[in-house]
Amino acid sequence: MTQHPTPNGDGFLLNAEGVSKHYEGVTALDGVGLHVRPAEIHALLGGNGAGKSTLINILSGLTTPDAGTITFEDQPLELQRPSDALARGINTIHQELSLVPALTTLDNIFLGREVNSRFLGLKVKLDRRHMEERVRTLAAEFGLSQEDLRLPVGEFGALKKRVVEIVKALAFDTRLLILDEPTSGLEEEERLNLFEHMRRLREKGVSLIWVTHHLEELYGLADTATVFRDGRRVGTVGVADTTVDDLLGLMFGIAAGEFGATTNPPALSETDDETGDEVLRLNNVNRSFVLRDISLTVRKGEILGISGLAGAGRTELARAIMGIDKISSGTVHLKGKQVRFRDSSTAYQKGLAMLPEDRKQLGILPELSVAENISISSLDQVSQFGFVLKNKDETNQAETYRRRLGIKTSDVKEKIRNLSGGNQQKAIVARCLNTNPDLLIFDEPTQGIDVSAKVEVHNLIREFTAKGGAAIVIASELAELLELSHRVVVMKKGRLVGSVDNIPHALLSGQFEAVKNRILAISAGRTES
Amino acid sequence: MNFQRTASRILSVNGVPIAIALVIVVIIFQIMSPVFLTPGSVRDYINNAIPILLLTVGVAIVIVAGGIDLSVGTVAGLSAGTTMWTLVNGAPTLVAVLTGVGTGLVFGLFNGLMITRFGINDFIVTLATLNIAGGLLIVLTEQVPLQGVTTPGFSDIVYGNVFGIPSAFWIAAIIFVLMQFFLVKTVFGRRIFAIGIAPSAANVAGVNVERVRLGTFVLSGVLAGAAGVLLASRLGSVQAFLGSGYEFIAIAGAVLGGVSLAGGRGSVWAAVAGGLMLATLQQGLRLNGVDPVYFSIVTGLCIVAGVVFDRRIQQLALSGIRKRRRTGSAPPPPDTSQEAHLLRTGKQD
């Protein structure tokens, strides 16, 4: 892999230097740079929360950077709103389609930029004929017939909708097109079709910034790749002379040496695969479109890690186990007995608990106090006859957890939204622990929290399993996953595609490399397990 | 400094600003027309307001859980009708009361089941039951004249006298205390707030969101039934269209009291204070000789003014608390969301 020469400002269409963005104390982008050549397909890579979306939002005028300089076609680029970006020829196709389903293709293409016929200098009505003439050739080039232009977009499949978005972008002077995961929701054949369209765009002299999680897609298509991690740019490489492993290494930032220093502490409970009691067993669990034939077991005292790229179905699996989403076929066994949860409250009653991925949306109840957030999953413990709340007990309980987990707050009656992310997370961990679960699912337990809180949350997970609990940990960061788990299974497109058993407690750097490479190879789709 | 701190804290409590405004309005009306606070006048207008206050409390609980119930007005009317119908057919008072409350219960259950089991939008379901209950009352009043009942004890439900205070006051007071206790001191009440604040987060935390929602609609229905019984007892006769339009007075009262339409914020006291405010305004206007034609215009304007006033006061109180935190010894938490939230809910309401 070769680093590109330092850009000097010449020959680049887009030149971003030192771009930073902070959200409420969280650094989303930390002085990143991005250099896009004319007529190039430039891949933008990174794990969840790496800062890709933030940069795209800046380039499409949805948000403004706190610092940094951006030039576009050698002119400074200072976007206040999305229309500014369009005016400069920067078009973005977001992951969620922004078409209006009830409107026709033509009306969608010209939405907000309608051409009106005039009468006595007044805009009278939409001049559809004029608009149609303007885009007919372009549309035909992308396989849209005249009839397609007159049909409502809602009737089209995913690929055709993307194509409409592309035509919409090209109908007006576009020199930079940003594609945010354009292949999501597309079938294999449609993907290849879309790639053809992308090549055609490059031939027309349009530059593309392409965000994708599917690294194998890059080859033969992308010219350059820029990798972000934790809000920083960790490298810009030519795709032709880089392997998938190199890219994954950059994305998840695992350096073997760095890892050797922080191996699992030997204080972990010994788990023997043969004798450990089985807590959870899944037999061929399916959920339409998201989970396929998932079979796995989790034993007492064990931490099972689930690895996989974004969209592999990890969170969906957790939700299906908890009964939040319905399982379409297959069986779930809890401690040897088959169960079928209709909702999450039954799962909690039967000894399951879950720490959700999205703390702000699914974790905290922002308007309730820390104490109330801790007790919500186990209110019968702080009430008389399961009915009248005993506020004193609730406060005492929260105080116990505040001391034990080191939740930093002046008062447990403080609203939880006033706490920092790490302390909120500890309160949610306390909520889960307080239900005395047999199995606890941690979905991205350390996302968005600082390093010291991370270590503390890790210790809580270990403590929990050391006392006989079973845990499932979902984490995008491989180093974290390997450090915690006894066993790792790898998911891809809703399936379990591989596993790594018996991860040693103390991984030597060589061993770590081997394990890491195996998981990365499986995640990226080169199945050899 | 200490006074300021206490004042800020008190004002930031839901419902307190509207209660203060209520006192101010009462004083102004008393100055304008000295008969305002005579016992007879107060008794009459509060007696008239009590059924709607019950509806206000029921709707407030549904709103705190993040829902809406439009059917309470006509369900109360229909409950009054079924109560009367039972009496006309010679049943004793107790049976009539149970029929009235039961009517509300059935409608609440129907609303709740349609919303939770079939996943239909609560606005639509309760709009439908609003029409169904209203229609049933018309049918009922066409078949039997619902009046002329002399069953002993029935009018005493409202006009009875306990320790010198009309019995309707006692009934309402007991229901309000029970409901407030239910909302803030019970497991179910806590879950109501949880699903109102963030239903999906509550679901992940193991709260049975559907069951709690169902419960709030049943509760609202039962309160509407009770309101119907009180209406029947007070009026002595039931006409078609009784209760229609009450739902909007009830919702307006709850919102005026600071119950957030976005869910997760409010209390029974706040709703009652808001409802009383509306009733007081009408009485004050009546006593000052304002043509009743203008009542709804004035009421509408007062709702807007009241809600703006409530949000302003709370914002001021919160900024007071924030300022102290910055200067005080306590660690300053990131507080930007507080203002944002207030602005947001302020706009949504």
# chains A, B, ... in the order shown; residues from 1 in each chain; ligands from 1
call {"tool": "select_by_dssp", "arguments": {"residues": "region 160-339 of chain B", "states": "strand (DSSP E)", "output": "MDAnalysis selection string"}}
result
chainID B and resid 161:162 165:166
call {"tool": "write_last_selection", "arguments": {"atoms": "C-alpha atoms", "output": "mmCIF file, in the first residue's frame"}}
result
data_model
loop_
_atom_site.group_PDB
_atom_site.id
_atom_site.type_symbol
_atom_site.label_atom_id
_atom_site.label_comp_id
_atom_site.auth_asym_id
_atom_site.auth_seq_id
_atom_site.Cartn_x
_atom_site.Cartn_y
_atom_site.Cartn_z
ATOM 1 C CA ASN B 161 -74.101 17.518 51.398
ATOM 2 C CA VAL B 162 -71.140 16.129 53.320
ATOM 3 C CA ILE B 165 -69.643 20.684 50.981
ATOM 4 C CA PRO B 166 -71.525 19.238 47.956
#
call {"tool": "closest_atom_pairs", "arguments": {"of": "chain A", "to": "chain B", "cutoff": "10 Å", "atoms": "only C-alpha atoms", "output": "CSV"}}
result
residue,atom,partner,partner_atom,distance
A:Glu24,CA,B:Pro334,CA,7.8
A:Gly25,CA,B:Pro334,CA,8.7
A:Arg319,CA,B:Val204,CA,8.5
A:Met322,CA,B:Val204,CA,8.3
A:Gly323,CA,B:Val204,CA,9.5
A:Ile324,CA,B:Val204,CA,7.2
A:Asp343,CA,B:Asn208,CA,7.1
A:Ser344,CA,B:Gly206,CA,4.9
A:Ser345,CA,B:Gly206,CA,4.1
A:Thr346,CA,B:Gly206,CA,7.6
A:Ala347,CA,B:Gly206,CA,7.5
A:Tyr348,CA,B:Gly206,CA,5.8
A:Gln349,CA,B:Gly206,CA,8.4
A:Leu352,CA,B:Gly206,CA,9.4
A:Ala353,CA,B:Ala205,CA,7.8
A:Met354,CA,B:Val204,CA,7.1
A:Leu355,CA,B:Val204,CA,8.1
A:Pro356,CA,B:Val204,CA,7.2
A:Asp358,CA,B:Ala201,CA,9.3
A:Arg359,CA,B:Ala201,CA,8.8
A:Lys360,CA,B:Ala201,CA,8.8
A:Gln361,CA,B:Ala201,CA,6.5
A:Leu362,CA,B:Ala201,CA,3.9
A:Gly363,CA,B:Ala201,CA,5.5
A:Ile364,CA,B:Ala201,CA,6.8
A:Leu365,CA,B:Ala198,CA,6.3
A:Pro366,CA,B:Ile197,CA,7.5
A:Glu367,CA,B:Ile197,CA,6.8
A:Leu368,CA,B:Ala194,CA,7.8
A:Glu372,CA,B:Arg190,CA,8.4
A:Asn373,CA,B:Ala194,CA,9.0
A:Ile374,CA,B:Ala205,CA,9.8
A:Ser375,CA,B:Ala205,CA,9.8
A:Ile376,CA,B:Ala205,CA,7.0
A:Ser377,CA,B:Ala205,CA,5.5
A:Ser378,CA,B:Gly206,CA,8.7
A:Leu379,CA,B:Val187,CA,6.3
A:Asp380,CA,B:Val187,CA,7.6
A:Val382,CA,B:Val187,CA,9.0
A:Ser383,CA,B:Val187,CA,7.2
A:Gln384,CA,B:Thr186,CA,9.2
A:Phe385,CA,B:Val187,CA,9.9
A:Gly386,CA,B:Val187,CA,6.9
A:Phe387,CA,B:Val187,CA,5.3
A:Val388,CA,B:Thr186,CA,4.4
A:Leu389,CA,B:Thr186,CA,5.0
A:Lys390,CA,B:Lys185,CA,7.9
A:Asn391,CA,B:Lys185,CA,8.2
A:Lys408,CA,B:Pro331,CA,9.9
A:Thr409,CA,B:Pro331,CA,8.5
A:Ser410,CA,B:Ala330,CA,7.1
A:Arg417,CA,B:Ser337,CA,7.9
A:Asn418,CA,B:Pro333,CA,5.4
A:Leu419,CA,B:Pro333,CA,6.4
A:Ser420,CA,B:Pro334,CA,7.7
A:Ile428,CA,B:Ala205,CA,9.1
A:Arg431,CA,B:Ala205,CA,8.3
A:Cys432,CA,B:Ala205,CA,8.2
call {"tool": "closest_residue", "arguments": {"among": "A:Arg162, A:Lys492, A:His458, A:Arg292", "to": "His197 (chain A)", "atoms": "only C-alpha atoms"}}
result
A:Arg162
call {"tool": "residues_around", "arguments": {"residues": "Gly284 (chain B)", "least_positions_apart": "4", "cutoff": "7 Å", "atoms": "only C-alpha atoms", "output": "list in words"}}
result
Phe29, Thr280 and Asn288 of chain B
call {"tool": "write_last_selection", "arguments": {"atoms": "C-alpha atoms", "output": "tab-separated table (two decimals), in the first residue's frame"}}
result
chain	number	residue	atom	x	y	z
B	29	PHE	CA	-62.45	38.77	38.67
B	280	THR	CA	-63.04	30.17	35.97
B	288	ASN	CA	-69.11	40.49	33.99
call {"tool": "residues_around", "arguments": {"residues": "Thr103 (chain B)", "least_positions_apart": "2", "cutoff": "9 Å", "atoms": "only C-alpha atoms", "output": "PyMOL selection string"}}
result
chain B and resi 75-76+78-79+82-83+98-101+105-108+221-222+224-225
call {"tool": "select_by_dssp", "arguments": {"residues": "region 57-277 of chain B", "states": "helix (DSSP H, G or I)", "output": "count of residues only"}}
result
160
call {"tool": "closest_residue", "arguments": {"among": "A:Leu55, A:Ala16, A:Val429, A:Leu45", "to": "Thr69 (chain A)", "atoms": "only C-alpha atoms"}}
result
A:Ala16
call {"tool": "residues_around", "arguments": {"residues": "Gly143 (chain A)", "least_positions_apart": "6", "cutoff": "12 Å", "atoms": "only C-alpha atoms", "output": "list of chain:residue names"}}
result
A:Arg136, A:Thr137, A:Leu149, A:Leu159, A:Lys160, A:Lys161, A:Val163, A:Val164, A:Ile166, A:Val167, A:Asn193, A:Leu194, A:Glu196, A:His197
call {"tool": "atom_distance", "arguments": {"atom1": "CA of Ile52 (chain B)", "atom2": "CA of Ile120 (chain B)"}}
result
26.7 Å
call {"tool": "residues_around", "arguments": {"residues": "region 98-107 of chain A", "least_positions_apart": "2", "cutoff": "7 Å", "atoms": "only C-alpha atoms", "output": "ChimeraX atom specification"}}
result
/A:96,109-111,132,148-154,164
call {"tool": "write_last_selection", "arguments": {"atoms": "C-alpha atoms", "output": "tab-separated table (two decimals), in the first residue's frame"}}
result
chain	number	residue	atom	x	y	z
A	96	GLU	CA	-32.21	6.90	2.83
A	109	ILE	CA	-36.02	15.24	-10.78
A	110	PHE	CA	-37.17	18.84	-10.95
A	111	LEU	CA	-38.44	19.04	-7.37
A	132	GLU	CA	-39.06	16.23	-20.20
A	148	ASP	CA	-40.71	5.79	-16.64
A	149	LEU	CA	-40.47	9.55	-16.42
A	150	ARG	CA	-44.23	9.77	-16.10
A	151	LEU	CA	-44.66	7.01	-13.51
A	152	PRO	CA	-44.69	7.67	-9.79
A	153	VAL	CA	-41.34	6.75	-8.26
A	154	GLY	CA	-43.05	4.68	-5.55
A	164	VAL	CA	-33.56	8.26	-10.63
call {"tool": "closest_atom_pairs", "arguments": {"of": "region 2-117 of chain B", "to": "region 124-130 of chain B", "cutoff": "10 Å", "atoms": "only C-alpha atoms", "output": "CSV"}}
result
residue,atom,partner,partner_atom,distance
B:Ile68,CA,B:Thr126,CA,8.0
B:Asp69,CA,B:Thr126,CA,5.7
B:Leu70,CA,B:Thr126,CA,5.2
B:Ser71,CA,B:Leu130,CA,4.1
B:Val72,CA,B:Leu130,CA,7.3
B:Gly73,CA,B:Leu130,CA,7.4
B:Thr74,CA,B:Leu130,CA,5.7
B:Val75,CA,B:Leu130,CA,6.9
B:Phe107,CA,B:Thr129,CA,7.5
B:Gly108,CA,B:Thr126,CA,9.3
B:Phe110,CA,B:Thr129,CA,8.6
B:Asn111,CA,B:Val125,CA,6.3
B:Gly112,CA,B:Val125,CA,8.9
B:Leu113,CA,B:Val125,CA,9.9
B:Met114,CA,B:Val125,CA,7.0
B:Ile115,CA,B:Val125,CA,6.9
call {"tool": "atom_distance", "arguments": {"atom1": "CA of Asn286 (chain A)", "atom2": "CA of Ser328 (chain A)"}}
result
5.6 Å
call {"tool": "closest_residue", "arguments": {"among": "B:Gly253, B:Gly289, B:Gly15, B:Gly306", "to": "Val57 (chain B)", "atoms": "only C-alpha atoms"}}
result
B:Gly253
